[in-house]
Each structure stands twice: as C-alpha cells, then as structure tokens.
file upload_30.txt (compact mmCIF, N, CA and C atoms)
# COMPACT_ATOMS: atom_id res chain seq x y z
N MET A 245 54.13 73.27 -164.50
CA MET A 245 53.87 74.06 -163.30
C MET A 245 52.40 74.47 -163.30
N MET A 246 51.80 74.45 -162.13
CA MET A 246 50.36 74.68 -162.04
C MET A 246 49.99 76.16 -161.95
N LYS A 247 50.92 77.02 -161.65
CA LYS A 247 50.66 78.46 -161.58
C LYS A 247 49.57 78.82 -160.57
N ALA A 248 49.57 78.15 -159.45
CA ALA A 248 48.62 78.46 -158.39
C ALA A 248 49.43 78.74 -157.13
N HIS A 249 49.83 79.97 -156.95
CA HIS A 249 50.70 80.34 -155.83
C HIS A 249 49.95 80.24 -154.51
N ILE A 250 50.55 79.54 -153.57
CA ILE A 250 50.03 79.45 -152.20
C ILE A 250 50.86 80.42 -151.37
N THR A 251 50.21 81.42 -150.79
CA THR A 251 50.96 82.44 -150.05
C THR A 251 51.30 81.99 -148.62
N LYS A 252 50.47 81.08 -148.06
CA LYS A 252 50.74 80.60 -146.72
C LYS A 252 50.13 79.20 -146.59
N ALA A 253 50.87 78.32 -145.94
CA ALA A 253 50.36 76.96 -145.70
C ALA A 253 50.79 76.50 -144.31
N LYS A 254 49.84 75.97 -143.57
CA LYS A 254 50.11 75.35 -142.28
C LYS A 254 49.53 73.94 -142.34
N ILE A 255 50.36 72.98 -142.01
CA ILE A 255 49.94 71.58 -142.02
C ILE A 255 50.07 71.04 -140.60
N PHE A 256 49.02 70.45 -140.12
CA PHE A 256 49.00 69.84 -138.80
C PHE A 256 48.76 68.35 -138.97
N VAL A 257 49.56 67.54 -138.32
CA VAL A 257 49.44 66.09 -138.42
C VAL A 257 49.37 65.51 -137.02
N LYS A 258 48.39 64.64 -136.81
CA LYS A 258 48.26 63.93 -135.54
C LYS A 258 48.28 62.44 -135.84
N ALA A 259 49.18 61.72 -135.20
CA ALA A 259 49.27 60.27 -135.35
C ALA A 259 48.96 59.65 -133.99
N ARG A 260 48.15 58.61 -133.99
CA ARG A 260 47.80 57.94 -132.74
C ARG A 260 48.25 56.49 -132.83
N PHE A 261 48.97 56.04 -131.81
CA PHE A 261 49.48 54.69 -131.72
C PHE A 261 49.22 54.15 -130.32
N LYS A 262 49.26 52.83 -130.22
CA LYS A 262 49.26 52.21 -128.88
C LYS A 262 50.07 50.93 -128.98
N SER A 263 50.56 50.50 -127.84
CA SER A 263 51.19 49.18 -127.76
C SER A 263 50.75 48.55 -126.46
N GLU A 264 50.64 47.24 -126.50
CA GLU A 264 50.24 46.51 -125.31
C GLU A 264 50.89 45.14 -125.34
N GLY A 265 50.82 44.44 -124.24
CA GLY A 265 51.42 43.12 -124.14
C GLY A 265 52.75 43.17 -123.44
N SER A 266 53.44 42.04 -123.50
CA SER A 266 54.69 41.87 -122.76
C SER A 266 55.81 41.48 -123.72
N VAL A 267 56.95 42.15 -123.59
CA VAL A 267 58.13 41.79 -124.37
C VAL A 267 58.62 40.42 -123.92
N LEU A 268 58.67 40.18 -122.63
CA LEU A 268 59.16 38.90 -122.11
C LEU A 268 58.27 37.72 -122.52
N ARG A 269 56.98 37.94 -122.60
CA ARG A 269 56.06 36.87 -123.01
C ARG A 269 55.89 36.80 -124.53
N GLU A 270 56.57 37.70 -125.24
CA GLU A 270 56.46 37.81 -126.71
C GLU A 270 55.03 38.06 -127.16
N THR A 271 54.31 38.87 -126.37
CA THR A 271 52.94 39.23 -126.75
C THR A 271 52.81 40.71 -127.06
N VAL A 272 53.94 41.41 -127.13
CA VAL A 272 53.90 42.85 -127.40
C VAL A 272 53.31 43.07 -128.80
N GLN A 273 52.42 44.05 -128.90
CA GLN A 273 51.79 44.35 -130.17
C GLN A 273 51.61 45.86 -130.28
N ALA A 274 52.19 46.43 -131.31
CA ALA A 274 52.01 47.86 -131.60
C ALA A 274 50.93 48.00 -132.65
N VAL A 275 50.11 49.04 -132.51
CA VAL A 275 49.00 49.27 -133.43
C VAL A 275 48.94 50.75 -133.78
N GLY A 276 48.75 51.04 -135.05
CA GLY A 276 48.47 52.41 -135.48
C GLY A 276 46.97 52.63 -135.39
N LEU A 277 46.54 53.59 -134.61
CA LEU A 277 45.11 53.84 -134.42
C LEU A 277 44.55 54.82 -135.44
N GLY A 278 45.41 55.58 -136.07
CA GLY A 278 44.92 56.50 -137.10
C GLY A 278 45.77 57.75 -137.21
N PHE A 279 45.51 58.46 -138.28
CA PHE A 279 46.20 59.71 -138.57
C PHE A 279 45.17 60.77 -138.90
N GLU A 280 45.45 61.98 -138.52
CA GLU A 280 44.61 63.12 -138.89
C GLU A 280 45.52 64.19 -139.46
N THR A 281 45.10 64.81 -140.54
CA THR A 281 45.84 65.95 -141.08
C THR A 281 44.88 67.12 -141.24
N ARG A 282 45.39 68.30 -141.03
CA ARG A 282 44.62 69.52 -141.27
C ARG A 282 45.52 70.46 -142.05
N CYS A 283 45.00 71.01 -143.10
CA CYS A 283 45.78 71.88 -143.98
C CYS A 283 45.09 73.24 -144.07
N GLU A 284 45.76 74.28 -143.61
CA GLU A 284 45.23 75.64 -143.66
C GLU A 284 46.02 76.41 -144.71
N LEU A 285 45.35 76.82 -145.77
CA LEU A 285 46.01 77.47 -146.90
C LEU A 285 45.50 78.90 -147.08
N GLU A 286 46.38 79.73 -147.61
CA GLU A 286 45.99 81.08 -148.05
C GLU A 286 46.53 81.27 -149.45
N SER A 287 45.65 81.79 -150.33
CA SER A 287 46.04 82.03 -151.72
C SER A 287 45.06 83.01 -152.34
N ASP A 288 45.55 83.80 -153.30
CA ASP A 288 44.67 84.70 -154.02
C ASP A 288 44.14 84.05 -155.31
N LYS A 289 44.47 82.77 -155.50
CA LYS A 289 44.03 82.05 -156.69
C LYS A 289 42.66 81.43 -156.44
N PRO A 290 41.91 81.12 -157.51
CA PRO A 290 40.59 80.50 -157.35
C PRO A 290 40.69 79.14 -156.66
N ALA A 291 39.63 78.78 -155.96
CA ALA A 291 39.61 77.54 -155.19
C ALA A 291 39.86 76.31 -156.06
N ASP A 292 39.40 76.32 -157.31
CA ASP A 292 39.61 75.13 -158.16
C ASP A 292 41.09 74.94 -158.48
N LYS A 293 41.85 76.03 -158.61
CA LYS A 293 43.30 75.94 -158.85
C LYS A 293 44.01 75.41 -157.61
N VAL A 294 43.62 75.91 -156.45
CA VAL A 294 44.24 75.45 -155.20
C VAL A 294 43.88 73.99 -154.95
N ALA A 295 42.66 73.60 -155.27
CA ALA A 295 42.24 72.20 -155.11
C ALA A 295 43.12 71.28 -155.95
N ALA A 296 43.47 71.70 -157.14
CA ALA A 296 44.33 70.89 -158.01
C ALA A 296 45.71 70.73 -157.40
N VAL A 297 46.23 71.79 -156.79
CA VAL A 297 47.54 71.72 -156.14
C VAL A 297 47.48 70.75 -154.96
N VAL A 298 46.42 70.84 -154.17
CA VAL A 298 46.26 69.97 -153.01
C VAL A 298 46.17 68.51 -153.45
N ARG A 299 45.37 68.23 -154.46
CA ARG A 299 45.25 66.85 -154.95
C ARG A 299 46.60 66.32 -155.43
N ASN A 300 47.32 67.13 -156.20
CA ASN A 300 48.64 66.71 -156.68
C ASN A 300 49.61 66.48 -155.53
N ALA A 301 49.56 67.35 -154.53
CA ALA A 301 50.46 67.21 -153.38
C ALA A 301 50.18 65.90 -152.64
N GLU A 302 48.91 65.60 -152.37
CA GLU A 302 48.59 64.36 -151.67
C GLU A 302 48.87 63.13 -152.53
N ASN A 303 48.53 63.20 -153.80
CA ASN A 303 48.75 62.05 -154.69
C ASN A 303 50.24 61.79 -154.92
N GLY A 304 51.06 62.81 -154.79
CA GLY A 304 52.50 62.66 -155.00
C GLY A 304 53.29 62.44 -153.72
N CYS A 305 52.59 62.35 -152.59
CA CYS A 305 53.26 62.18 -151.29
C CYS A 305 53.42 60.69 -150.99
N TYR A 306 54.66 60.23 -150.92
CA TYR A 306 54.93 58.81 -150.66
C TYR A 306 54.36 58.35 -149.32
N VAL A 307 54.49 59.16 -148.30
CA VAL A 307 54.02 58.77 -146.97
C VAL A 307 52.49 58.66 -146.96
N MET A 308 51.81 59.66 -147.51
CA MET A 308 50.34 59.64 -147.54
C MET A 308 49.84 58.43 -148.32
N GLN A 309 50.43 58.16 -149.46
CA GLN A 309 49.98 57.04 -150.28
C GLN A 309 50.30 55.70 -149.64
N THR A 310 51.39 55.61 -148.90
CA THR A 310 51.72 54.38 -148.19
C THR A 310 50.69 54.08 -147.11
N ILE A 311 50.20 55.12 -146.46
CA ILE A 311 49.19 54.95 -145.42
C ILE A 311 47.83 54.63 -146.04
N LEU A 312 47.47 55.32 -147.11
CA LEU A 312 46.14 55.17 -147.70
C LEU A 312 45.96 53.88 -148.49
N GLN A 313 47.02 53.37 -149.06
CA GLN A 313 46.91 52.19 -149.92
C GLN A 313 47.73 51.05 -149.33
N PRO A 314 47.18 49.84 -149.37
CA PRO A 314 47.95 48.69 -148.86
C PRO A 314 49.31 48.62 -149.56
N THR A 315 50.34 48.44 -148.77
CA THR A 315 51.70 48.43 -149.28
C THR A 315 52.39 47.13 -148.87
N PRO A 316 52.87 46.36 -149.84
CA PRO A 316 53.56 45.12 -149.48
C PRO A 316 54.88 45.41 -148.76
N VAL A 317 55.22 44.54 -147.83
CA VAL A 317 56.46 44.68 -147.08
C VAL A 317 57.20 43.35 -147.16
N GLU A 318 58.42 43.38 -147.63
CA GLU A 318 59.25 42.18 -147.65
C GLU A 318 60.11 42.19 -146.40
N ARG A 319 60.21 41.03 -145.74
CA ARG A 319 60.90 40.95 -144.45
C ARG A 319 61.82 39.75 -144.36
N PRO A 320 62.82 39.64 -145.20
CA PRO A 320 63.73 38.50 -145.07
C PRO A 320 64.66 38.67 -143.86
N PHE A 321 64.99 37.53 -143.24
CA PHE A 321 65.91 37.52 -142.11
C PHE A 321 67.06 36.56 -142.42
N THR A 322 68.23 36.88 -141.89
CA THR A 322 69.34 35.94 -141.89
C THR A 322 69.89 35.88 -140.47
N LEU A 323 70.44 34.73 -140.12
CA LEU A 323 71.12 34.54 -138.84
C LEU A 323 72.47 33.93 -139.16
N ASN A 324 73.52 34.67 -138.86
CA ASN A 324 74.88 34.23 -139.18
C ASN A 324 75.03 33.92 -140.67
N GLY A 325 74.41 34.72 -141.50
CA GLY A 325 74.52 34.59 -142.94
C GLY A 325 73.61 33.55 -143.57
N VAL A 326 72.78 32.87 -142.76
CA VAL A 326 71.89 31.81 -143.26
C VAL A 326 70.44 32.30 -143.17
N PRO A 327 69.63 32.03 -144.21
CA PRO A 327 68.22 32.42 -144.12
C PRO A 327 67.57 31.86 -142.85
N PHE A 328 66.69 32.65 -142.27
CA PHE A 328 66.17 32.38 -140.93
C PHE A 328 64.75 32.90 -140.85
N ASN A 329 63.82 32.07 -140.36
CA ASN A 329 62.44 32.51 -140.19
C ASN A 329 62.10 32.42 -138.70
N PRO A 330 61.94 33.55 -138.03
CA PRO A 330 61.65 33.53 -136.59
C PRO A 330 60.38 32.74 -136.25
N ASP A 331 59.42 32.69 -137.18
CA ASP A 331 58.17 31.99 -136.90
C ASP A 331 58.32 30.47 -136.92
N ASP A 332 59.48 29.96 -137.35
CA ASP A 332 59.72 28.52 -137.33
C ASP A 332 60.04 28.00 -135.93
N PHE A 333 60.23 28.89 -134.98
CA PHE A 333 60.64 28.51 -133.64
C PHE A 333 59.51 28.81 -132.66
N PRO A 334 59.25 27.88 -131.71
CA PRO A 334 58.16 28.10 -130.76
C PRO A 334 58.47 29.28 -129.83
N ARG A 335 57.41 29.91 -129.42
CA ARG A 335 57.55 31.01 -128.44
C ARG A 335 57.79 30.42 -127.07
N LYS A 336 58.64 31.07 -126.32
CA LYS A 336 58.89 30.65 -124.94
C LYS A 336 57.92 31.44 -124.05
N HIS A 337 57.27 30.77 -123.16
CA HIS A 337 56.34 31.44 -122.25
C HIS A 337 56.97 31.48 -120.86
N TYR A 338 57.33 32.67 -120.45
CA TYR A 338 58.01 32.84 -119.16
C TYR A 338 57.03 32.95 -118.04
call {"tool": "encode", "arguments": {"input": "upload_30.txt", "output": "structure tokens"}}
result
Amino acid sequence: MMKAHITKAKIFVKARFKSEGSVLRETVQAVGLGFETRCELESDKPADKVAAVVRNAENGCYVMQTILQPTPVERPFTLNGVPFNPDDFPRKHY
C-alpha cells in the first residue's frame, strides 16, 4: 500500500470518434480521433507521493494501456462452423 490518501478525485474523459462512408458500398470506416483525460485531485500528502499513486493508477489501467500501446487483435471468423475470411470475397459495388 502506498499510504498516500487522496481525499477527492474527479476524472474527466473525452473521446472523439468519426465515421464516414457507406454501409451499402462497404466503404464505411470508423476512426478514433483521440482521447483526453483530466484528473483533479485533492490530498494532504506531498506531491511526490500523489505522483506515485497517479503513475501506478495509469500503468495499472488496462484501458489506458490498451490505448497507449499497440495491442494485437485476433479476429477469426467461422461461417456455419467452417473457417471463413471475409477478405477472400470481392466487394459488391451497388
């Protein structure tokens, strides 16, 4: 335990996304434009102790680390129980 009591914490998170293109034309594309976080803390402990708590909190946060560091994603598909790769089929242009 770090023994750095935080008496009050407010966390603000802003996520920005956009999507464009057409579902029917198979050109739809979603994009994450960025994230912003703001952390307002109150504590009677020295700033170096609070800084250690903040670093541990961010370093131990699965969501924050997934965003900050490249994360591999496995995407297997099956169709009727058989392996299936959607990219093996041509796109239809309506």
call {"tool": "residues_around", "arguments": {"input": "upload_30.txt", "residues": "A:Ala253", "least_positions_apart": "6", "cutoff": "8 Å", "atoms": "all atoms listed in the file", "output": "ChimeraX atom specification"}}
result
/A:283-287
call {"tool": "residues_around", "arguments": {"input": "upload_30.txt", "residues": "A:Lys262", "least_positions_apart": "4", "cutoff": "6.5 Å", "atoms": "only N, CA and C atoms", "output": "list in words"}}
result
Gln273, Ala274, Val275, Gly276 and Leu277 of chain A
call {"tool": "write_last_selection", "arguments": {"input": "upload_30.txt", "atoms": "N, CA and C atoms", "output": "JSON list (two decimals), in the coordinates of the input"}}
result
[["chain", "number", "residue", "atom", "x", "y", "z"],
["A", 273, "GLN", "N", 52.42, 44.05, -128.90],
["A", 273, "GLN", "CA", 51.79, 44.35, -130.17],
["A", 273, "GLN", "C", 51.61, 45.86, -130.28],
["A", 274, "ALA", "N", 52.19, 46.43, -131.31],
["A", 274, "ALA", "CA", 52.01, 47.86, -131.60],
["A", 274, "ALA", "C", 50.93, 48.00, -132.65],
["A", 275, "VAL", "N", 50.11, 49.04, -132.51],
["A", 275, "VAL", "CA", 49.00, 49.27, -133.43],
["A", 275, "VAL", "C", 48.94, 50.75, -133.78],
["A", 276, "GLY", "N", 48.75, 51.04, -135.05],
["A", 276, "GLY", "CA", 48.47, 52.41, -135.48],
["A", 276, "GLY", "C", 46.97, 52.63, -135.39],
["A", 277, "LEU", "N", 46.54, 53.59, -134.61],
["A", 277, "LEU", "CA", 45.11, 53.84, -134.42],
["A", 277, "LEU", "C", 44.55, 54.82, -135.44]]
call {"tool": "select_by_dssp", "arguments": {"input": "upload_30.txt", "residues": "chain A", "states": "helix (DSSP H, G or I)", "output": "VMD selection string"}}
result
chain A and resid 291 to 303 306 to 312 330 to 332
call {"tool": "atom_distance", "arguments": {"input": "upload_30.txt", "atom1": "atom CA of A:Val257", "atom2": "atom CA of A:Pro314"}}
result
20.3 Å
call {"tool": "closest_residue", "arguments": {"input": "upload_30.txt", "among": "A:Lys336, A:Cys305, A:Asn324, A:Lys252", "to": "A:Asp288", "atoms": "all atoms listed in the file"}}
result
A:Lys252
call {"tool": "closest_residue", "arguments": {"input": "upload_30.txt", "among": "A:Ala296, A:Pro330, A:Ala259, A:Arg269", "to": "A:Met246", "atoms": "only N, CA and C atoms"}}
result
A:Ala296
call {"tool": "atom_distance", "arguments": {"input": "upload_30.txt", "atom1": "atom CA of A:Met308", "atom2": "atom C of A:Phe261"}}
result
18.1 Å
call {"tool": "residues_near_point", "arguments": {"input": "upload_30.txt", "point": "(43.5, 67.0, -137.8)", "cutoff": "6 Å", "atoms": "all atoms listed in the file", "output": "VMD selection string"}}
result
chain A and resid 256 258 280 to 282
call {"tool": "axis_aligned_box", "arguments": {"input": "upload_30.txt", "around": "stretch 285-303 of chain A", "padding_each_side": "4 Å", "output": "JSON"}}
result
{"center_x": 44.9, "center_y": 73.2, "center_z": -152.3, "size_x": 19.1, "size_y": 30.9, "size_z": 21.1}
call {"tool": "atom_distance", "arguments": {"input": "upload_30.txt", "atom1": "atom CA of A:Ala295", "atom2": "atom CA of A:Lys254"}}
result
15.4 Å
call {"tool": "select_by_dssp", "arguments": {"input": "upload_30.txt", "residues": "stretch 264-329 of chain A", "states": "strand (DSSP E or B)", "output": "PyMOL selection string"}}
result
chain A and resi 264+273-286+322-323+326-327
call {"tool": "residues_near_point", "arguments": {"input": "upload_30.txt", "point": "(47.4, 74.0, -161.3)", "cutoff": "7 Å", "atoms": "only N, CA and C atoms", "output": "short mmCIF file (atom, residue, chain, number, x, y, z; two decimals) with N, CA and C atoms, in the coordinates of the input"}}
result
data_model
loop_
_atom_site.label_atom_id
_atom_site.label_comp_id
_atom_site.auth_asym_id
_atom_site.auth_seq_id
_atom_site.Cartn_x
_atom_site.Cartn_y
_atom_site.Cartn_z
N MET A 245 54.13 73.27 -164.50
CA MET A 245 53.87 74.06 -163.30
C MET A 245 52.40 74.47 -163.30
N MET A 246 51.80 74.45 -162.13
CA MET A 246 50.36 74.68 -162.04
C MET A 246 49.99 76.16 -161.95
N LYS A 247 50.92 77.02 -161.65
CA LYS A 247 50.66 78.46 -161.58
C LYS A 247 49.57 78.82 -160.57
N ALA A 248 49.57 78.15 -159.45
CA ALA A 248 48.62 78.46 -158.39
C ALA A 248 49.43 78.74 -157.13
N ASP A 292 39.40 76.32 -157.31
CA ASP A 292 39.61 75.13 -158.16
C ASP A 292 41.09 74.94 -158.48
N LYS A 293 41.85 76.03 -158.61
CA LYS A 293 43.30 75.94 -158.85
C LYS A 293 44.01 75.41 -157.61
N VAL A 294 43.62 75.91 -156.45
CA VAL A 294 44.24 75.45 -155.20
C VAL A 294 43.88 73.99 -154.95
N ALA A 296 43.47 71.70 -157.14
CA ALA A 296 44.33 70.89 -158.01
C ALA A 296 45.71 70.73 -157.40
N VAL A 297 46.23 71.79 -156.79
CA VAL A 297 47.54 71.72 -156.14
C VAL A 297 47.48 70.75 -154.96
#
call {"tool": "closest_residue", "arguments": {"input": "upload_30.txt", "among": "A:Val298, A:Ile255, A:Ile311, A:Ile250", "to": "A:Gly278", "atoms": "only C-alpha atoms"}}
result
A:Ile311
